Amino acid sequence: LFAAALAISPSLKKLDAENYILVKQVQIRILQVAMSGISVVYMVLALIGMLQARADGLASVFSLTLWEVILVVLALAYSGFTDIPYNIAILKWNPKNPPADWAKTRDAWDFANYVRAVPCLIAFVLQITALTLLAR
C-alpha cells in the first residue's frame, strides 16, 4: 500500500490512457493474488500472536495487536467498496478505446488507496510497538 501510494500511483499518473490501462491491468492481476496471500498470512500470524500474548499474560501486546488487526480489517473492508470495484472496471477497459472518464476512475482509485493506507500505517506502528514490548 505504501509503495503504491508513494511511488506506483504517481508514476502511473504520468502515463497516457492506453499505457496506464495496460500497466494497471497487469498490476491488478498480479496484486490480486499477492495481496490475498499476504492478507491471509498476516491475519493468521496476527491471530497466533494475539493468542500467544494472551497465554503469556502480555495484555499490552494483545491489545496493540488486536487494534492492529481491527485497523487492517477496516482497510480491507474499505477496499471492498472502493479499490475492488475500480479494479473490476479497469480490467474490462480496452486500452485502445478507454472510457472518457478513465482519469476520474484512476484518481478515485489513487485516493481510495491513500485512505486505505492510513489505517495500515497506524497498524504498522502498533505492530512495531508490540514487537518492541516483546523484545524487552
# chains A, B, ... in the order shown; residues from 1 in each chain; ligands from 1

call {"tool": "closest_atom_pairs", "arguments": {"of": "stretch 56-112 of chain A", "to": "stretch 37-43 of chain A", "cutoff": "10 Å", "atoms": "only C-alpha atoms", "output": "CSV"}}
result
residue,atom,partner,partner_atom,distance
A:Val69,CA,A:Met43,CA,7.3
A:Val72,CA,A:Met43,CA,8.9
A:Val73,CA,A:Met43,CA,9.1
A:Leu76,CA,A:Ser39,CA,8.8

call {"tool": "residues_around", "arguments": {"residues": "stretch 104-120 of chain A", "least_positions_apart": "6", "cutoff": "6 Å", "atoms": "only C-alpha atoms", "output": "ChimeraX atom specification"}}
result
/A:1,5,71-72,75,83

call {"tool": "atom_distance", "arguments": {"atom1": "atom CA of A:Ala3", "atom2": "atom CA of A:Met35"}}
result
13.0 Å

call {"tool": "closest_residue", "arguments": {"among": "A:Leu74, A:Ile84, A:Ala100, A:Leu58", "to": "A:Arg136", "atoms": "only C-alpha atoms"}}
result
A:Leu58

call {"tool": "closest_residue", "arguments": {"among": "A:Leu47, A:Ala59, A:Asn87, A:Ser11", "to": "A:Ile30", "atoms": "only C-alpha atoms"}}
result
A:Asn87

call {"tool": "atom_distance", "arguments": {"atom1": "atom CA of A:Pro95", "atom2": "atom CA of A:Ile21"}}
result
5.5 Å

call {"tool": "atom_distance", "arguments": {"atom1": "atom CA of A:Ser36", "atom2": "atom CA of A:Val23"}}
result
19.8 Å

call {"tool": "select_by_dssp", "arguments": {"residues": "chain A", "states": "alpha helix (DSSP H)", "output": "PyMOL selection string"}}
result
chain A and resi 2-3+9-12+17-55+59-81+83-92+102-135

call {"tool": "closest_residue", "arguments": {"among": "A:Trp102, A:Ala123, A:Leu15, A:Ala135", "to": "A:Glu68", "atoms": "only C-alpha atoms"}}
result
A:Ala123

call {"tool": "residues_around", "arguments": {"residues": "A:Ala103", "least_positions_apart": "5", "cutoff": "10 Å", "atoms": "only C-alpha atoms", "output": "compact mmCIF listing (two decimals) with N, CA and C atoms, in the first residue's frame"}}
result
# COMPACT_ATOMS: atom_id res chain seq x y z
N LYS A 13 0.47 7.96 -13.06
CA LYS A 13 -0.25 9.19 -13.42
C LYS A 13 0.40 9.90 -14.60
N ASP A 16 -0.13 7.99 -20.50
CA ASP A 16 -1.35 8.26 -21.24
C ASP A 16 -2.34 7.13 -20.96
N ALA A 17 -3.57 7.28 -21.44
CA ALA A 17 -4.64 6.33 -21.15
C ALA A 17 -4.28 4.90 -21.55
N TYR A 20 -1.44 3.51 -19.35
CA TYR A 20 -1.93 3.37 -17.98
C TYR A 20 -2.76 2.10 -17.86
N PRO A 98 -10.19 3.72 -24.41
CA PRO A 98 -10.50 3.90 -22.98
C PRO A 98 -11.80 4.67 -22.78
N ALA A 108 -9.79 8.37 -8.49
CA ALA A 108 -10.59 7.81 -7.40
C ALA A 108 -9.89 6.59 -6.79
N TRP A 109 -9.29 5.74 -7.64
CA TRP A 109 -8.54 4.59 -7.16
C TRP A 109 -7.36 5.06 -6.31

call {"tool": "decode", "arguments": {"residues": "stretch 21-66 of chain A", "atoms": "N, CA and C atoms", "output": "PDB file, in the first residue's frame"}}
result
ATOM      1  N   ILE A  21      -3.694   1.922 -18.769  1.00  0.00           N
ATOM      2  CA  ILE A  21      -4.599   0.767 -18.710  1.00  0.00           C
ATOM      3  C   ILE A  21      -3.819  -0.533 -18.858  1.00  0.00           C
ATOM      4  N   LEU A  22      -2.892  -0.587 -19.792  1.00  0.00           N
ATOM      5  CA  LEU A  22      -2.099  -1.807 -19.976  1.00  0.00           C
ATOM      6  C   LEU A  22      -1.332  -2.169 -18.707  1.00  0.00           C
ATOM      7  N   VAL A  23      -0.661  -1.190 -18.124  1.00  0.00           N
ATOM      8  CA  VAL A  23       0.132  -1.444 -16.917  1.00  0.00           C
ATOM      9  C   VAL A  23      -0.778  -1.773 -15.736  1.00  0.00           C
ATOM     10  N   LYS A  24      -1.839  -1.016 -15.582  1.00  0.00           N
ATOM     11  CA  LYS A  24      -2.732  -1.207 -14.437  1.00  0.00           C
ATOM     12  C   LYS A  24      -3.412  -2.573 -14.477  1.00  0.00           C
ATOM     13  N   GLN A  25      -3.791  -3.028 -15.665  1.00  0.00           N
ATOM     14  CA  GLN A  25      -4.429  -4.337 -15.771  1.00  0.00           C
ATOM     15  C   GLN A  25      -3.471  -5.453 -15.358  1.00  0.00           C
ATOM     16  N   VAL A  26      -2.233  -5.367 -15.769  1.00  0.00           N
ATOM     17  CA  VAL A  26      -1.237  -6.364 -15.361  1.00  0.00           C
ATOM     18  C   VAL A  26      -1.010  -6.276 -13.855  1.00  0.00           C
ATOM     19  N   GLN A  27      -0.866  -5.067 -13.365  1.00  0.00           N
ATOM     20  CA  GLN A  27      -0.650  -4.845 -11.934  1.00  0.00           C
ATOM     21  C   GLN A  27      -1.802  -5.437 -11.110  1.00  0.00           C
ATOM     22  N   ILE A  28      -3.021  -5.194 -11.517  1.00  0.00           N
ATOM     23  CA  ILE A  28      -4.179  -5.704 -10.788  1.00  0.00           C
ATOM     24  C   ILE A  28      -4.162  -7.227 -10.757  1.00  0.00           C
ATOM     25  N   ARG A  29      -3.912  -7.851 -11.886  1.00  0.00           N
ATOM     26  CA  ARG A  29      -3.908  -9.326 -11.945  1.00  0.00           C
ATOM     27  C   ARG A  29      -2.860  -9.927 -11.008  1.00  0.00           C
ATOM     28  N   ILE A  30      -1.702  -9.325 -10.958  1.00  0.00           N
ATOM     29  CA  ILE A  30      -0.622  -9.834 -10.103  1.00  0.00           C
ATOM     30  C   ILE A  30      -0.915  -9.533  -8.634  1.00  0.00           C
ATOM     31  N   LEU A  31      -1.316  -8.302  -8.353  1.00  0.00           N
ATOM     32  CA  LEU A  31      -1.527  -7.903  -6.956  1.00  0.00           C
ATOM     33  C   LEU A  31      -2.742  -8.573  -6.317  1.00  0.00           C
ATOM     34  N   GLN A  32      -3.746  -8.935  -7.107  1.00  0.00           N
ATOM     35  CA  GLN A  32      -4.904  -9.628  -6.533  1.00  0.00           C
ATOM     36  C   GLN A  32      -4.452 -10.919  -5.849  1.00  0.00           C
ATOM     37  N   VAL A  33      -3.590 -11.647  -6.514  1.00  0.00           N
ATOM     38  CA  VAL A  33      -3.100 -12.907  -5.953  1.00  0.00           C
ATOM     39  C   VAL A  33      -2.148 -12.636  -4.793  1.00  0.00           C
ATOM     40  N   ALA A  34      -1.191 -11.739  -5.001  1.00  0.00           N
ATOM     41  CA  ALA A  34      -0.188 -11.465  -3.972  1.00  0.00           C
ATOM     42  C   ALA A  34      -0.829 -10.889  -2.712  1.00  0.00           C
ATOM     43  N   MET A  35      -1.699  -9.905  -2.861  1.00  0.00           N
ATOM     44  CA  MET A  35      -2.303  -9.270  -1.691  1.00  0.00           C
ATOM     45  C   MET A  35      -3.249 -10.211  -0.946  1.00  0.00           C
ATOM     46  N   SER A  36      -3.916 -11.080  -1.666  1.00  0.00           N
ATOM     47  CA  SER A  36      -4.777 -12.066  -0.997  1.00  0.00           C
ATOM     48  C   SER A  36      -3.928 -12.982  -0.125  1.00  0.00           C
ATOM     49  N   GLY A  37      -2.836 -13.471  -0.676  1.00  0.00           N
ATOM     50  CA  GLY A  37      -1.939 -14.341   0.087  1.00  0.00           C
ATOM     51  C   GLY A  37      -1.312 -13.630   1.273  1.00  0.00           C
ATOM     52  N   ILE A  38      -0.842 -12.418   1.052  1.00  0.00           N
ATOM     53  CA  ILE A  38      -0.224 -11.640   2.130  1.00  0.00           C
ATOM     54  C   ILE A  38      -1.250 -11.374   3.234  1.00  0.00           C
ATOM     55  N   SER A  39      -2.476 -11.041   2.861  1.00  0.00           N
ATOM     56  CA  SER A  39      -3.510 -10.748   3.856  1.00  0.00           C
ATOM     57  C   SER A  39      -3.835 -11.963   4.706  1.00  0.00           C
ATOM     58  N   VAL A  40      -3.937 -13.120   4.081  1.00  0.00           N
ATOM     59  CA  VAL A  40      -4.234 -14.351   4.823  1.00  0.00           C
ATOM     60  C   VAL A  40      -3.092 -14.682   5.779  1.00  0.00           C
ATOM     61  N   VAL A  41      -1.866 -14.650   5.287  1.00  0.00           N
ATOM     62  CA  VAL A  41      -0.708 -14.942   6.141  1.00  0.00           C
ATOM     63  C   VAL A  41      -0.633 -13.945   7.296  1.00  0.00           C
ATOM     64  N   TYR A  42      -0.840 -12.665   7.000  1.00  0.00           N
ATOM     65  CA  TYR A  42      -0.804 -11.645   8.045  1.00  0.00           C
ATOM     66  C   TYR A  42      -1.838 -11.945   9.126  1.00  0.00           C
ATOM     67  N   MET A  43      -3.070 -12.214   8.717  1.00  0.00           N
ATOM     68  CA  MET A  43      -4.140 -12.445   9.691  1.00  0.00           C
ATOM     69  C   MET A  43      -3.850 -13.674  10.549  1.00  0.00           C
ATOM     70  N   VAL A  44      -3.380 -14.747   9.940  1.00  0.00           N
ATOM     71  CA  VAL A  44      -3.049 -15.954  10.700  1.00  0.00           C
ATOM     72  C   VAL A  44      -1.947 -15.650  11.718  1.00  0.00           C
ATOM     73  N   LEU A  45      -0.880 -14.984  11.273  1.00  0.00           N
ATOM     74  CA  LEU A  45       0.218 -14.662  12.190  1.00  0.00           C
ATOM     75  C   LEU A  45      -0.232 -13.705  13.297  1.00  0.00           C
ATOM     76  N   ALA A  46      -1.054 -12.721  12.966  1.00  0.00           N
ATOM     77  CA  ALA A  46      -1.545 -11.787  13.981  1.00  0.00           C
ATOM     78  C   ALA A  46      -2.404 -12.511  15.009  1.00  0.00           C
ATOM     79  N   LEU A  47      -3.267 -13.404  14.557  1.00  0.00           N
ATOM     80  CA  LEU A  47      -4.110 -14.147  15.489  1.00  0.00           C
ATOM     81  C   LEU A  47      -3.280 -15.072  16.376  1.00  0.00           C
ATOM     82  N   ILE A  48      -2.277 -15.724  15.804  1.00  0.00           N
ATOM     83  CA  ILE A  48      -1.371 -16.556  16.604  1.00  0.00           C
ATOM     84  C   ILE A  48      -0.656 -15.689  17.642  1.00  0.00           C
ATOM     85  N   GLY A  49      -0.186 -14.525  17.213  1.00  0.00           N
ATOM     86  CA  GLY A  49       0.478 -13.605  18.133  1.00  0.00           C
ATOM     87  C   GLY A  49      -0.434 -13.162  19.264  1.00  0.00           C
ATOM     88  N   MET A  50      -1.699 -12.896  18.936  1.00  0.00           N
ATOM     89  CA  MET A  50      -2.659 -12.494  19.968  1.00  0.00           C
ATOM     90  C   MET A  50      -2.897 -13.623  20.960  1.00  0.00           C
ATOM     91  N   LEU A  51      -3.070 -14.823  20.448  1.00  0.00           N
ATOM     92  CA  LEU A  51      -3.289 -15.969  21.333  1.00  0.00           C
ATOM     93  C   LEU A  51      -2.087 -16.197  22.247  1.00  0.00           C
ATOM     94  N   GLN A  52      -0.898 -16.077  21.681  1.00  0.00           N
ATOM     95  CA  GLN A  52       0.314 -16.266  22.474  1.00  0.00           C
ATOM     96  C   GLN A  52       0.467 -15.155  23.506  1.00  0.00           C
ATOM     97  N   ALA A  53       0.185 -13.933  23.124  1.00  0.00           N
ATOM     98  CA  ALA A  53       0.271 -12.803  24.062  1.00  0.00           C
ATOM     99  C   ALA A  53      -0.714 -12.994  25.215  1.00  0.00           C
ATOM    100  N   ARG A  54      -1.895 -13.452  24.881  1.00  0.00           N
ATOM    101  CA  ARG A  54      -2.902 -13.691  25.935  1.00  0.00           C
ATOM    102  C   ARG A  54      -2.445 -14.821  26.854  1.00  0.00           C
ATOM    103  N   ALA A  55      -1.922 -15.897  26.275  1.00  0.00           N
ATOM    104  CA  ALA A  55      -1.460 -17.033  27.083  1.00  0.00           C
ATOM    105  C   ALA A  55      -0.289 -16.636  27.989  1.00  0.00           C
ATOM    106  N   ASP A  56       0.563 -15.731  27.506  1.00  0.00           N
ATOM    107  CA  ASP A  56       1.732 -15.290  28.280  1.00  0.00           C
ATOM    108  C   ASP A  56       1.412 -14.123  29.217  1.00  0.00           C
ATOM    109  N   GLY A  57       0.162 -13.676  29.232  1.00  0.00           N
ATOM    110  CA  GLY A  57      -0.227 -12.576  30.110  1.00  0.00           C
ATOM    111  C   GLY A  57       0.298 -11.221  29.671  1.00  0.00           C
ATOM    112  N   LEU A  58       0.542 -11.070  28.384  1.00  0.00           N
ATOM    113  CA  LEU A  58       1.054  -9.805  27.849  1.00  0.00           C
ATOM    114  C   LEU A  58      -0.115  -8.984  27.307  1.00  0.00           C
ATOM    115  N   ALA A  59      -0.852  -8.382  28.236  1.00  0.00           N
ATOM    116  CA  ALA A  59      -2.077  -7.661  27.869  1.00  0.00           C
ATOM    117  C   ALA A  59      -1.817  -6.517  26.900  1.00  0.00           C
ATOM    118  N   SER A  60      -0.717  -5.802  27.079  1.00  0.00           N
ATOM    119  CA  SER A  60      -0.449  -4.662  26.188  1.00  0.00           C
ATOM    120  C   SER A  60      -0.149  -5.135  24.769  1.00  0.00           C
ATOM    121  N   VAL A  61       0.592  -6.230  24.642  1.00  0.00           N
ATOM    122  CA  VAL A  61       0.889  -6.778  23.308  1.00  0.00           C
ATOM    123  C   VAL A  61      -0.400  -7.276  22.669  1.00  0.00           C
ATOM    124  N   PHE A  62      -1.235  -7.950  23.455  1.00  0.00           N
ATOM    125  CA  PHE A  62      -2.520  -8.430  22.951  1.00  0.00           C
ATOM    126  C   PHE A  62      -3.369  -7.264  22.451  1.00  0.00           C
ATOM    127  N   SER A  63      -3.476  -6.205  23.262  1.00  0.00           N
ATOM    128  CA  SER A  63      -4.303  -5.053  22.896  1.00  0.00           C
ATOM    129  C   SER A  63      -3.792  -4.355  21.642  1.00  0.00           C
ATOM    130  N   LEU A  64      -2.486  -4.143  21.583  1.00  0.00           N
ATOM    131  CA  LEU A  64      -1.911  -3.493  20.392  1.00  0.00           C
ATOM    132  C   LEU A  64      -2.178  -4.308  19.139  1.00  0.00           C
ATOM    133  N   THR A  65      -2.001  -5.622  19.253  1.00  0.00           N
ATOM    134  CA  THR A  65      -2.210  -6.496  18.093  1.00  0.00           C
ATOM    135  C   THR A  65      -3.684  -6.547  17.719  1.00  0.00           C
ATOM    136  N   LEU A  66      -4.556  -6.553  18.707  1.00  0.00           N
ATOM    137  CA  LEU A  66      -5.993  -6.540  18.432  1.00  0.00           C
ATOM    138  C   LEU A  66      -6.379  -5.277  17.664  1.00  0.00           C
TER     139      LEU A  66
END
